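Chemist: Quick one, input.txt (compact mmCIF, C-alpha atoms and all ligand atoms):
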# COMPACT_ATOMS: atom_id res chain seq x y z
CA MET A 1 -2.52 10.95 4.16
CA SER A 2 -2.96 8.36 6.84
CA ARG A 3 -5.07 6.22 4.55
CA ARG A 4 -4.00 3.11 6.38
CA HIS A 5 -5.20 4.58 9.63
CA ALA A 6 -8.21 6.31 8.25
CA SER A 7 -10.96 3.79 8.74
CA GLY A 8 -12.09 0.98 10.98
CA PRO A 9 -10.09 -0.85 13.64
CA SER A 10 -6.71 -1.45 12.03
CA ARG A 11 -4.89 -4.72 12.14
CA ARG A 12 -2.37 -2.88 14.24
CA ARG A 13 -4.94 -1.86 16.79
CA LEU A 14 -6.19 -5.43 16.99
CA LEU A 15 -2.63 -6.65 17.26
CA GLY A 16 -1.99 -3.90 19.79
CA SER A 17 -4.90 -4.91 21.98
CA GLY A 18 -3.72 -8.50 21.77
CA LEU A 19 -0.30 -7.37 22.89
CA ALA A 20 -1.79 -5.27 25.63
CA ALA A 21 -3.82 -8.22 26.90
CA GLY A 22 -0.69 -10.37 26.83
CA ALA A 23 1.28 -7.67 28.60
CA LEU A 24 -1.37 -7.36 31.31
CA ALA A 25 -1.32 -11.09 31.88
CA LEU A 26 2.43 -10.78 32.41
CA GLY A 27 1.94 -7.77 34.66
CA VAL A 28 3.79 -5.49 32.21
CA THR A 29 2.49 -2.27 30.73
CA SER A 30 3.78 -0.13 27.90
CA ALA A 31 6.40 2.47 28.75
CA ARG A 32 3.76 5.20 28.68
CA GLY A 33 1.48 3.34 31.15
CA SER A 34 -2.19 3.63 30.35
CA ALA A 35 -1.97 7.04 28.64
CA PRO A 36 -3.25 7.17 25.05
CA SER A 37 -0.49 6.79 22.48
CA LEU A 38 0.96 9.79 20.68
CA ALA A 39 -0.17 8.17 17.43
CA SER A 40 -3.78 8.01 18.61
CA LEU A 41 -3.76 11.58 19.97
CA ALA A 42 -2.38 12.80 16.65
CA LYS A 43 -4.81 10.74 14.63
CA ALA A 44 -7.77 12.19 16.52
CA LYS A 45 -6.79 15.55 14.97
CA GLY A 46 -6.14 14.29 11.46
CA LEU A 47 -2.38 14.21 12.03
CA ARG A 48 0.04 11.39 12.19
CA PHE A 49 2.87 10.99 14.64
CA GLY A 50 5.95 8.84 14.39
CA SER A 51 9.70 8.64 14.66
CA ALA A 52 12.97 7.99 12.91
CA VAL A 53 14.59 4.64 13.55
CA GLY A 54 18.09 3.62 12.55
CA ALA A 55 19.59 0.24 11.77
CA GLY A 56 22.93 1.81 12.72
CA PRO A 57 25.37 3.79 10.62
CA VAL A 58 27.16 1.81 7.93
CA GLY A 59 29.89 -0.26 9.52
CA ALA A 60 28.57 0.08 13.07
CA ILE A 61 26.89 -2.77 14.86
CA THR A 62 23.95 -1.23 16.61
CA GLY A 63 21.29 1.37 16.06
CA SER A 64 17.99 1.97 17.79
CA PHE A 65 16.34 -0.64 15.55
CA GLU A 66 18.50 -3.39 17.08
CA ASP A 67 16.99 -2.73 20.51
CA ALA A 68 13.81 -4.75 21.19
CA ARG A 69 12.61 -2.24 23.79
CA TYR A 70 12.96 0.54 21.25
CA ARG A 71 11.01 -1.44 18.70
CA GLN A 72 8.25 -2.03 21.27
CA LEU A 73 8.15 1.70 21.98
CA LEU A 74 7.71 2.37 18.25
CA ILE A 75 4.81 -0.10 18.18
CA ASP A 76 3.29 1.56 21.25
CA GLU A 77 3.64 5.19 20.20
CA CYS A 78 4.06 5.56 16.44
CA GLY A 79 1.71 5.69 13.45
CA VAL A 80 4.56 6.25 10.99
CA LEU A 81 8.28 5.45 10.88
CA VAL A 82 11.13 6.85 8.81
CA PRO A 83 14.50 5.14 8.33
CA GLU A 84 17.06 7.58 9.74
CA ASN A 85 19.86 6.82 7.26
CA GLU A 86 19.02 3.61 5.41
CA LEU A 87 17.54 5.20 2.26
CA LYS A 88 20.39 7.65 1.70
CA TRP A 89 22.55 7.17 -1.39
CA TYR A 90 25.66 6.56 0.72
CA VAL A 91 23.93 3.56 2.34
CA LEU A 92 21.82 2.28 -0.58
CA ARG A 93 24.38 2.71 -3.35
CA PRO A 94 27.80 1.15 -2.73
CA ASP A 95 28.51 1.66 -6.44
CA ALA A 96 26.88 2.78 -9.68
CA LYS A 97 25.24 -0.58 -10.35
CA THR A 98 24.25 -1.90 -6.93
CA PHE A 99 21.24 -1.25 -4.72
CA ALA A 100 21.80 -2.42 -1.12
CA PHE A 101 18.25 -2.54 0.18
CA GLU A 102 18.82 -4.92 3.13
CA ARG A 103 19.00 -2.37 5.95
CA ALA A 104 15.96 -0.40 4.85
CA ASP A 105 14.11 -3.65 4.08
CA ARG A 106 14.33 -4.70 7.73
CA ILE A 107 12.73 -1.47 8.89
CA ALA A 108 10.11 -1.60 6.11
CA ALA A 109 9.18 -5.18 7.01
CA PHE A 110 8.86 -4.24 10.68
CA ALA A 111 6.58 -1.31 9.85
CA LYS A 112 4.44 -3.51 7.64
CA ALA A 113 4.19 -6.31 10.22
CA HIS A 114 2.86 -3.81 12.76
CA ASP A 115 0.70 -1.87 10.34
CA ILE A 116 2.73 1.30 10.83
CA ALA A 117 3.02 3.66 7.86
CA LEU A 118 6.42 4.44 6.34
CA ARG A 119 7.99 7.73 5.23
CA GLY A 120 10.98 7.89 2.92
CA HIS A 121 14.11 9.99 3.58
CA THR A 122 15.55 10.85 1.07
CA LEU A 123 15.72 10.33 -2.69
CA LEU A 124 18.20 13.14 -3.31
CA TRP A 125 20.18 14.72 -0.49
CA HIS A 126 21.35 17.39 -2.88
CA HIS A 127 24.55 18.29 -1.05
CA PRO A 128 27.92 17.01 -2.27
CA LYS A 129 28.99 16.10 1.27
CA TRP A 130 26.41 13.32 1.42
CA PHE A 131 27.03 11.82 -2.02
CA PRO A 132 28.91 8.51 -2.01
CA ASP A 133 32.53 8.99 -3.09
CA TRP A 134 32.10 7.08 -6.35
CA LEU A 135 29.27 9.42 -7.39
CA LYS A 136 31.28 12.59 -6.69
CA THR A 137 33.75 11.58 -9.40
CA HIS A 138 31.45 9.61 -11.69
CA ASP A 139 32.16 9.98 -15.40
CA PHE A 140 28.94 10.80 -17.22
CA GLY A 141 30.68 10.94 -20.60
CA THR A 142 31.03 13.86 -22.98
CA GLY A 143 28.90 15.88 -25.36
CA PRO A 144 25.12 15.85 -25.39
CA ALA A 145 25.02 12.34 -23.88
CA ARG A 146 26.45 13.67 -20.62
CA ALA A 147 23.32 15.37 -19.28
CA ALA A 148 21.16 12.50 -20.54
CA ASN A 149 23.35 10.00 -18.69
CA ALA A 150 23.21 11.96 -15.47
CA GLN A 151 19.46 12.29 -15.74
CA ALA A 152 19.11 8.57 -16.49
CA MET A 153 21.04 7.66 -13.33
CA LEU A 154 18.97 9.97 -11.14
CA VAL A 155 15.66 8.84 -12.61
CA ASP A 156 16.67 5.18 -12.42
CA HIS A 157 17.61 5.54 -8.74
CA ILE A 158 14.35 7.25 -7.82
CA THR A 159 12.23 4.88 -9.89
CA ARG A 160 13.78 1.76 -8.44
CA VAL A 161 13.79 2.91 -4.83
CA CYS A 162 10.14 4.06 -4.99
CA ALA A 163 9.14 0.81 -6.69
CA HIS A 164 10.96 -1.22 -4.04
CA TYR A 165 8.97 0.47 -1.25
CA PRO A 166 5.41 0.93 -2.51
CA GLN A 167 4.29 1.26 1.13
CA ILE A 168 6.08 4.63 1.44
CA ASP A 169 3.34 7.24 1.13
CA SER A 170 5.36 10.36 1.96
CA TRP A 171 8.80 11.07 0.48
CA ASP A 172 11.48 13.62 1.22
CA VAL A 173 12.38 13.77 -2.44
CA VAL A 174 15.01 16.50 -2.17
CA ASN A 175 16.72 17.23 1.14
CA GLU A 176 18.69 20.29 2.24
CA THR A 177 19.74 21.81 -1.06
CA VAL A 178 19.52 25.44 0.04
CA ASP A 179 22.78 26.83 1.40
CA PRO A 180 21.94 28.56 4.71
CA LYS A 181 24.73 31.08 4.19
CA ASP A 182 23.19 32.86 1.21
CA GLY A 183 20.06 30.95 0.21
CA SER A 184 21.60 29.65 -3.01
CA ILE A 185 21.07 26.13 -4.33
CA ARG A 186 23.98 23.80 -3.66
CA ARG A 187 26.02 22.41 -6.53
CA THR A 188 26.60 18.70 -7.01
CA VAL A 189 27.87 16.51 -9.81
CA PHE A 190 24.25 16.20 -11.00
CA SER A 191 23.58 19.93 -11.09
CA ASP A 192 26.95 20.66 -12.69
CA VAL A 193 25.97 18.40 -15.56
CA MET A 194 22.19 18.95 -15.75
CA GLY A 195 21.68 22.40 -14.25
CA GLN A 196 20.34 23.10 -10.77
CA GLU A 197 16.64 23.63 -11.47
CA ARG A 198 16.49 20.78 -13.93
CA THR A 199 18.14 18.37 -11.46
CA LEU A 200 15.62 19.13 -8.74
CA ASP A 201 12.61 19.17 -11.08
CA VAL A 202 13.64 15.87 -12.64
CA ALA A 203 13.78 14.33 -9.16
CA TYR A 204 10.20 15.40 -8.37
CA HIS A 205 8.81 14.34 -11.75
CA ALA A 206 10.49 10.94 -11.40
CA ALA A 207 9.11 10.52 -7.88
CA ARG A 208 5.59 11.48 -8.99
CA ALA A 209 5.75 8.95 -11.81
CA ALA A 210 7.09 6.18 -9.57
CA ALA A 211 4.96 6.92 -6.49
CA PRO A 212 1.87 8.68 -7.83
CA LYS A 213 -0.04 8.59 -4.54
CA ALA A 214 2.78 9.64 -2.25
CA ARG A 215 3.12 13.08 -0.69
CA LEU A 216 6.24 14.65 -2.21
CA VAL A 217 8.17 16.86 0.17
CA TYR A 218 11.04 19.35 0.06
CA ASN A 219 12.82 18.91 3.42
CA ASP A 220 15.17 21.41 5.08
CA TYR A 221 16.34 22.74 8.45
CA MET A 222 15.62 26.47 8.19
CA GLY A 223 14.34 27.40 11.63
CA TRP A 224 12.69 30.17 13.59
CA GLU A 225 15.86 31.32 15.30
CA ALA A 226 17.83 34.46 14.45
CA GLY A 227 20.43 33.75 11.79
CA ASN A 228 18.08 31.70 9.61
CA GLU A 229 16.87 34.63 7.49
CA ALA A 230 18.88 33.86 4.34
CA HIS A 231 18.03 30.18 4.63
CA ARG A 232 14.30 30.88 4.89
CA THR A 233 14.42 33.31 1.96
CA GLY A 234 16.27 30.77 -0.15
CA VAL A 235 13.75 28.04 0.63
CA LEU A 236 10.82 30.30 -0.30
CA LYS A 237 12.54 31.15 -3.57
CA LEU A 238 13.02 27.47 -4.28
CA LEU A 239 9.37 26.69 -3.47
CA GLU A 240 8.22 29.54 -5.68
CA GLY A 241 10.36 28.20 -8.54
CA PHE A 242 8.81 24.75 -8.17
CA ARG A 243 5.34 26.27 -8.52
CA LYS A 244 6.29 28.42 -11.52
CA ARG A 245 7.81 25.50 -13.37
CA GLY A 246 5.09 23.03 -12.40
CA ALA A 247 7.35 20.66 -10.46
CA PRO A 248 5.14 18.30 -8.44
CA VAL A 249 6.01 19.26 -4.84
CA ASP A 250 3.25 18.88 -2.25
CA ALA A 251 4.73 19.94 1.05
CA LEU A 252 7.55 21.63 2.91
CA GLY A 253 9.29 19.43 5.49
CA VAL A 254 10.27 21.62 8.42
CA GLN A 255 12.89 19.52 10.19
CA SER A 256 12.48 21.26 13.56
CA HIS A 257 15.76 20.58 15.30
CA LEU A 258 15.05 23.12 18.01
CA GLY A 259 17.12 24.83 20.62
CA THR A 260 20.48 25.28 19.02
CA GLU A 261 20.92 29.00 19.48
CA ASP A 262 22.91 31.30 21.69
CA PRO A 263 22.79 30.44 25.44
CA ALA A 264 22.39 34.10 26.27
CA ALA A 265 18.96 33.96 24.62
CA ALA A 266 15.83 33.79 26.74
CA GLY A 267 15.66 30.51 28.67
CA GLY A 268 18.92 29.42 27.02
CA LEU A 269 17.04 27.58 24.27
CA GLY A 270 16.88 29.61 21.15
CA ARG A 271 15.50 33.03 20.44
CA PRO A 272 12.44 32.39 18.37
CA GLN A 273 11.48 35.12 15.96
CA GLU A 274 7.86 34.15 15.93
CA ARG A 275 6.62 36.92 13.70
CA GLN A 276 9.16 36.20 10.98
CA TRP A 277 8.53 32.49 11.35
CA ARG A 278 4.80 32.89 10.85
CA ALA A 279 5.47 35.10 7.84
CA PHE A 280 7.64 32.32 6.41
CA LEU A 281 4.97 29.65 7.02
CA ASP A 282 2.28 31.96 5.63
CA GLU A 283 4.27 32.36 2.42
CA ALA A 284 4.81 28.61 2.03
CA THR A 285 1.21 27.67 2.78
CA GLY A 286 0.04 30.60 0.64
CA MET A 287 1.71 28.91 -2.32
CA GLY A 288 -0.38 25.83 -1.56
CA TYR A 289 2.22 23.75 0.26
CA ASP A 290 1.33 21.49 3.17
CA LEU A 291 3.71 21.41 6.14
CA LEU A 292 5.34 18.49 7.91
CA ILE A 293 7.45 18.45 11.03
CA THR A 294 9.93 15.85 9.87
CA GLU A 295 12.81 15.65 12.38
CA PHE A 296 11.65 17.04 15.71
CA ASP A 297 14.03 17.16 18.68
CA VAL A 298 15.26 19.73 21.19
CA ASN A 299 18.97 20.31 21.75
CA ASP A 300 19.58 21.02 25.46
CA LYS A 301 23.37 21.34 25.20
CA LYS A 302 23.36 24.90 26.42
CA LEU A 303 21.12 24.35 29.46
CA PRO A 304 22.45 23.80 33.00
CA SER A 305 23.17 20.24 34.20
CA ASP A 306 20.10 19.80 36.43
CA LEU A 307 17.90 17.21 34.73
CA ALA A 308 14.52 18.41 35.93
CA ALA A 309 15.28 22.01 34.96
CA ARG A 310 16.49 20.92 31.55
CA ASP A 311 13.47 18.71 30.93
CA THR A 312 11.10 21.51 31.90
CA ALA A 313 12.78 24.04 29.59
CA VAL A 314 12.85 21.56 26.71
CA ALA A 315 9.16 20.72 27.17
CA SER A 316 8.17 24.35 27.38
CA LEU A 317 10.01 25.31 24.19
CA ALA A 318 8.52 22.29 22.41
CA LYS A 319 4.95 23.06 23.48
CA GLY A 320 5.17 26.66 22.24
CA TYR A 321 6.64 25.54 18.94
CA LEU A 322 4.19 22.70 18.35
CA ASP A 323 1.22 24.89 19.25
CA LEU A 324 2.30 27.40 16.63
CA MET A 325 2.96 24.74 13.98
CA LEU A 326 -0.25 22.78 14.61
CA ASP A 327 -2.23 25.99 14.44
CA TYR A 328 -1.64 25.64 10.68
CA ARG A 329 -4.19 23.12 9.40
CA GLN A 330 -1.67 22.46 6.63
CA THR A 331 0.60 20.66 9.12
CA LYS A 332 -0.09 17.00 8.48
CA GLU A 333 2.64 14.91 10.08
CA VAL A 334 4.92 15.13 13.11
CA LEU A 335 7.99 12.92 13.28
CA ALA A 336 10.43 12.83 16.17
CA TRP A 337 14.05 12.33 15.14
CA GLY A 338 14.33 9.47 17.63
CA MET A 339 12.25 8.51 20.68
CA VAL A 340 14.94 7.68 23.28
CA ASP A 341 17.81 9.99 24.26
CA LYS A 342 20.72 7.59 23.97
CA TYR A 343 20.09 6.96 20.26
CA SER A 344 19.85 10.62 19.30
CA TRP A 345 22.29 11.82 16.64
CA LEU A 346 22.87 14.86 18.84
CA GLN A 347 24.87 12.84 21.40
CA ASN A 348 27.71 12.68 18.88
CA PHE A 349 27.01 15.89 17.02
CA THR A 350 26.94 18.35 19.93
CA PRO A 351 28.03 16.63 23.16
CA ARG A 352 27.49 18.58 26.37
CA PRO A 353 30.54 20.21 27.95
CA ASP A 354 29.64 18.62 31.35
CA GLY A 355 29.77 15.14 29.79
CA LEU A 356 26.13 14.37 30.65
CA LEU A 357 23.88 12.93 27.97
CA LEU A 358 21.63 15.29 26.08
CA ARG A 359 17.88 14.88 26.64
CA PRO A 360 16.43 15.82 23.23
CA THR A 361 13.75 13.13 22.75
CA PRO A 362 10.44 12.17 24.41
CA TYR A 363 11.82 9.21 26.45
CA ASP A 364 14.81 8.88 28.75
CA ASP A 365 17.25 6.01 28.66
CA GLY A 366 15.20 4.06 31.21
CA TYR A 367 12.33 4.23 28.69
CA LYS A 368 10.42 6.58 30.96
CA PRO A 369 8.34 9.29 29.30
CA LYS A 370 9.73 12.77 30.02
CA PRO A 371 7.99 16.15 30.16
CA LEU A 372 8.78 16.44 26.44
CA ARG A 373 6.49 13.48 25.74
CA GLU A 374 3.75 15.20 27.75
CA ALA A 375 4.33 18.42 25.82
CA VAL A 376 3.82 16.61 22.53
CA ALA A 377 0.69 14.89 23.87
CA ALA A 378 -0.68 18.21 25.18
CA ALA A 379 0.01 19.92 21.84
CA PHE A 380 -1.90 17.20 20.00
CA LYS A 381 -4.80 17.45 22.48
CA SER A 382 -5.11 21.19 22.03
CA ALA A 383 -4.49 21.20 18.26
CA PRO A 384 -7.40 22.10 15.98
CA ASN A 385 -8.84 19.37 13.77
CA ARG A 386 -7.64 19.14 10.21
O1 LIG B 401 20.52 11.38 12.34
C1 LIG B 401 21.30 11.17 11.17
C2 LIG B 401 22.70 10.67 11.55
O2 LIG B 401 22.61 9.38 12.13
C3 LIG B 401 23.58 10.62 10.32
O3 LIG B 401 24.91 10.32 10.70
C4 LIG B 401 23.55 11.96 9.57
C5 LIG B 401 24.31 11.89 8.26
O4 LIG B 401 23.71 11.02 7.37
O5 LIG B 401 22.20 12.31 9.28
C6 LIG B 401 21.39 12.47 10.41
O6 LIG B 401 20.10 12.85 10.01
C7 LIG B 401 20.01 14.11 9.36
C8 LIG B 401 18.94 14.00 8.31
O7 LIG B 401 19.25 12.94 7.44
C9 LIG B 401 18.76 15.28 7.55
N1 LIG B 401 18.55 16.40 8.44
C10 LIG B 401 19.49 16.54 9.53
C11 LIG B 401 19.59 15.24 10.31
C12 LIG B 401 20.51 15.40 11.50
O8 LIG B 401 21.81 15.67 11.06
Would you mind writing the file's structure down as structure tokens?
Ligand code: 9MR

Modeler:
Amino acid sequence: MSRRHASGPSRRRLLGSGLAAGALALGVTSARGSAPSLASLAKAKGLRFGSAVGAGPVGAITGSFEDARYRQLLIDECGVLVPENELKWYVLRPDAKTFAFERADRIAAFAKAHDIALRGHTLLWHHPKWFPDWLKTHDFGTGPARAANAQAMLVDHITRVCAHYPQIDSWDVVNETVDPKDGSIRRTVFSDVMGQERTLDVAYHAARAAAPKARLVYNDYMGWEAGNEAHRTGVLKLLEGFRKRGAPVDALGVQSHLGTEDPAAAGGLGRPQERQWRAFLDEATGMGYDLLITEFDVNDKKLPSDLAARDTAVASLAKGYLDLMLDYRQTKEVLAWGMVDKYSWLQNFTPRPDGLLLRPTPYDDGYKPKPLREAVAAAFKSAPNR
């Protein structure tokens, strides 16, 4: 998929070497020193590596994208970026008529200027919680026009957003629509009017029509830990349905927010059920789906305070996981859900009881690479070609 990075010295590389020369003259090096970038290590194996970046939640002033050092780190390390929140309906669609592209535009322009590819997240987060309020109560009319009106709004949204970002070559079309409790498909105002399967299929057909060359992904957070069984089964059922009905879905996005399980588990970071996990991946790839790691991070909330011990445990869990995932030649992209700890969504979502910051990303808050960064690099180095 990394067409842009597939051949010849890219403009980015030329730009990059120019930057490097400039940096040397100033006596500055990139945060990773002289080590090869994660993007280049991934690319050598036919993968691409990148990260989420956020222009800040709506209403807040800062996000990682506002930080020049963060942007430089993205240039140094990433072959692909994904806007963390800026393409979600609740950001893009203040009302039924308006498209507020400004936030995502800034990230898209940055990616383009540095010849970094762009992923899209997400055209339909099919979960009522993440619909904008106006949409939850939108009046689609009555009678036969009702379903047609709902479909028209969904198709119009997808068509216009894809057309606005032709550089996006990989789209999380539908996100998190399987309920982890019982594997059922979530209900929203769209599915209540149009039907569940039809809603999801319409989204993929609209995306294929509007972005014919893009990889179309179903993205979800089912994981390898105990307790995910119903979620995994539900996702496989969904993927099977897509195939049966001919919905154009190319890949499964495995979010990969690791390490959230019971502290009593081995090492305090999850209790991977590797055999079941491989069976799950075998089923998905057996149906012809590619795999993407779309939102990689490691939650260290349940580990002891000591930083070095935490970093080592996080890196070790990550290396085992990435080795397993990259063993599948179908795994094509790896995206970190943030590159620097302080900007991680987990700081707010699951703060540590000792008040210390979590350390879920490859770089610490001094922009120093951590053992997690080395684990990712090592996994790329030992991964088979694809
Ligand atoms: O990291 C994102 C955080 O900033 C947002 O507040 C939150 C709600 O929009 O979404 C987070 O990203 C989620 C992603 O969109 C889908 N998978 C789970 C991610 C972490 O919650």

Chemist: I'd like the interatomic distance between atom CA of A:Glu197 and atom CA of A:Ala247, to a tenth of an Å.

Modeler: 9.8 Å

Chemist: So which residues are near ligand LIG 401 (chain B), meaning at most 8 Å away with all atoms listed in the file counted, given back as a PyMOL selection string?

Modeler: chain A and resi 54+56-57+84-85+88+121-122+130+175-176+220-221+255+257+295+337+344-346+349

Chemist: Take the selection from the previous step and output its residues with C-alpha atoms, as a compact mmCIF listing (two decimals), in the coordinates of the input.

Modeler:
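New file part-v3.txt:
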# COMPACT_ATOMS: atom_id res chain seq x y z
CA GLY A 54 18.09 3.62 12.55
CA GLY A 56 22.93 1.81 12.72
CA PRO A 57 25.37 3.79 10.62
CA GLU A 84 17.06 7.58 9.74
CA ASN A 85 19.86 6.82 7.26
CA LYS A 88 20.39 7.65 1.70
CA HIS A 121 14.11 9.99 3.58
CA THR A 122 15.55 10.85 1.07
CA TRP A 130 26.41 13.32 1.42
CA ASN A 175 16.72 17.23 1.14
CA GLU A 176 18.69 20.29 2.24
CA ASP A 220 15.17 21.41 5.08
CA TYR A 221 16.34 22.74 8.45
CA GLN A 255 12.89 19.52 10.19
CA HIS A 257 15.76 20.58 15.30
CA GLU A 295 12.81 15.65 12.38
CA TRP A 337 14.05 12.33 15.14
CA SER A 344 19.85 10.62 19.30
CA TRP A 345 22.29 11.82 16.64
CA LEU A 346 22.87 14.86 18.84
CA PHE A 349 27.01 15.89 17.02

Chemist: Quick one: residues within 10 Å of A:Lys213, all atoms listed in the file counted, chain neighbours fewer than 6 positions away excluded, as a PyMOL selection string?

Modeler: chain A and resi 1+166+168-170+207

Chemist: Please return, as a VMD selection string, all polymer residues that have at least one atom within 6 Å of the point (26.0, 23.7, 0.7); use only C-alpha atoms and the file's own coordinate frame.

Modeler: chain A and resid 127 179 186

Chemist: Nearest to A:Arg93: which of A:Ala117, A:Pro384, A:Arg160, A:Leu38 is it, counting all atoms listed in the file?

Modeler: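 Once distances to A:Arg93 are computed over all atoms listed in the file, the minimum belongs to A:Arg160.
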
Chemist: In Å, rounded to a single decimal, give me how far atom CA of A:Gln196 is from atom CA of A:Ala230.

Modeler: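 Distance reported for this atom pair: 18.6 Å.
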
Chemist: What does the structure give for the distance between atom CA of A:Tyr289 and atom CA of A:Asp250, in Å to one decimal?

Modeler: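 These two atoms are separated by 5.6 Å.
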
Chemist: Would you list the contacts of A:Pro362 as an NGL selection string, taking every protein, DNA or RNA residue within 7 Å and counting only C-alpha atoms, but skipping same-chain residues closer than 6 positions in sequence?

Modeler: :A and (339-340 or 369-370 or 372-373)

Chemist: I need the residue nearest A:Glu274 from this list: A:Gly286, A:Pro248, A:Ala214, A:Gly223. Use only C-alpha atoms for the distance.

Modeler: A:Gly223

Chemist: Nearest residue to A:Ala251 out of A:Ala111, A:Val80, A:Leu239, A:Leu335, using all atoms listed in the file?

Modeler: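 Selected residue with least distance to A:Ala251: A:Leu239.
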
Chemist: Using only C-alpha atoms, which protein or nucleic acid residues come within 12 Å of stretch 133-136 of chain A? Drop anything in the same chain fewer than 5 positions from it, and give the result as a ChimeraX atom specification.

Modeler: /A:89-91,93-98,126-128,150,153-154,187-193

Chemist: Go through A:Arg119, A:Lys301, A:Lys368, A:His138 one by one, measure the shortest atom-to-atom distance of each to A:Gln347 using all atoms listed in the file, and give the residue with the smallest value.

Modeler: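 Among the listed residues, the smallest separation from A:Gln347 belongs to A:Lys301.
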
Chemist: So which residues fall inside 12 Å of (1.3, 25.5, 20.0) if we count all atoms listed in the file? Mind giving them as a PyMOL selection string?

Modeler: chain A and resi 274+315-328+331+375-384

Chemist: Nearest residue to A:Thr294 out of A:Gly338, A:Gly183, A:Pro272, A:Pro144, using all atoms listed in the file?

Modeler: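 Among A:Gly338, A:Gly183, A:Pro272, A:Pro144, it is A:Gly338 that comes nearest to A:Thr294.
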
Chemist: Would you pick out the contacts of stretch 73-77 of chain A at 7 Å or less, using all atoms listed in the file, so that residues sharing its chain but fewer than 2 positions from it are not included, and give the list as a CSV table (one decimal) with C-alpha atoms, keeping the file's coordinate frame?

Modeler:
chain,number,residue,atom,x,y,z
A,30,SER,CA,3.8,-0.1,27.9
A,37,SER,CA,-0.5,6.8,22.5
A,38,LEU,CA,1.0,9.8,20.7
A,39,ALA,CA,-0.2,8.2,17.4
A,69,ARG,CA,12.6,-2.2,23.8
A,70,TYR,CA,13.0,0.5,21.2
A,71,ARG,CA,11.0,-1.4,18.7
A,114,HIS,CA,2.9,-3.8,12.8

Chemist: Show me, as a list in words, the residues that have an atom within 12 Å of A:Glu66 when counting only C-alpha atoms, minus same-chain residues fewer than 6 positions from it.

Modeler: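 Everything that qualifies: Val53, Gly54, Ala55, Gly56, Pro57, Ala60, Gln72, Arg103, Arg106, Ile107, Phe110 and Tyr343 of chain A.
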
Chemist: Using only C-alpha atoms, which of A:Pro212, A:Arg146, A:Val217, A:Thr233 sits nearest A:Trp171?

Modeler: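 With only C-alpha atoms as the atom set, the closest residue is A:Val217.
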
Chemist: Keeping C-alpha atoms (and nothing else), can you write stretch 136-151 of chain A of this structure as a short mmCIF file (atom, residue, chain, number, x, y, z; two decimals), in the first residue's frame?

Modeler:
data_model
loop_
_atom_site.label_atom_id
_atom_site.label_comp_id
_atom_site.auth_asym_id
_atom_site.auth_seq_id
_atom_site.Cartn_x
_atom_site.Cartn_y
_atom_site.Cartn_z
CA LYS A 136 -28.87 11.01 17.56
CA THR A 137 -32.22 12.78 17.27
CA HIS A 138 -32.22 13.61 13.57
CA ASP A 139 -35.59 13.38 11.86
CA PHE A 140 -35.26 11.30 8.70
CA GLY A 141 -38.95 11.69 7.84
CA THR A 142 -41.62 9.04 7.54
CA GLY A 143 -42.63 6.25 5.19
CA PRO A 144 -40.40 4.83 2.49
CA ALA A 145 -38.42 8.09 2.24
CA ARG A 146 -37.04 7.56 5.73
CA ALA A 147 -34.49 4.84 4.91
CA ALA A 148 -33.58 6.60 1.67
CA ASN A 149 -32.91 9.83 3.56
CA ALA A 150 -30.74 8.11 6.13
CA GLN A 151 -28.79 6.35 3.42
#
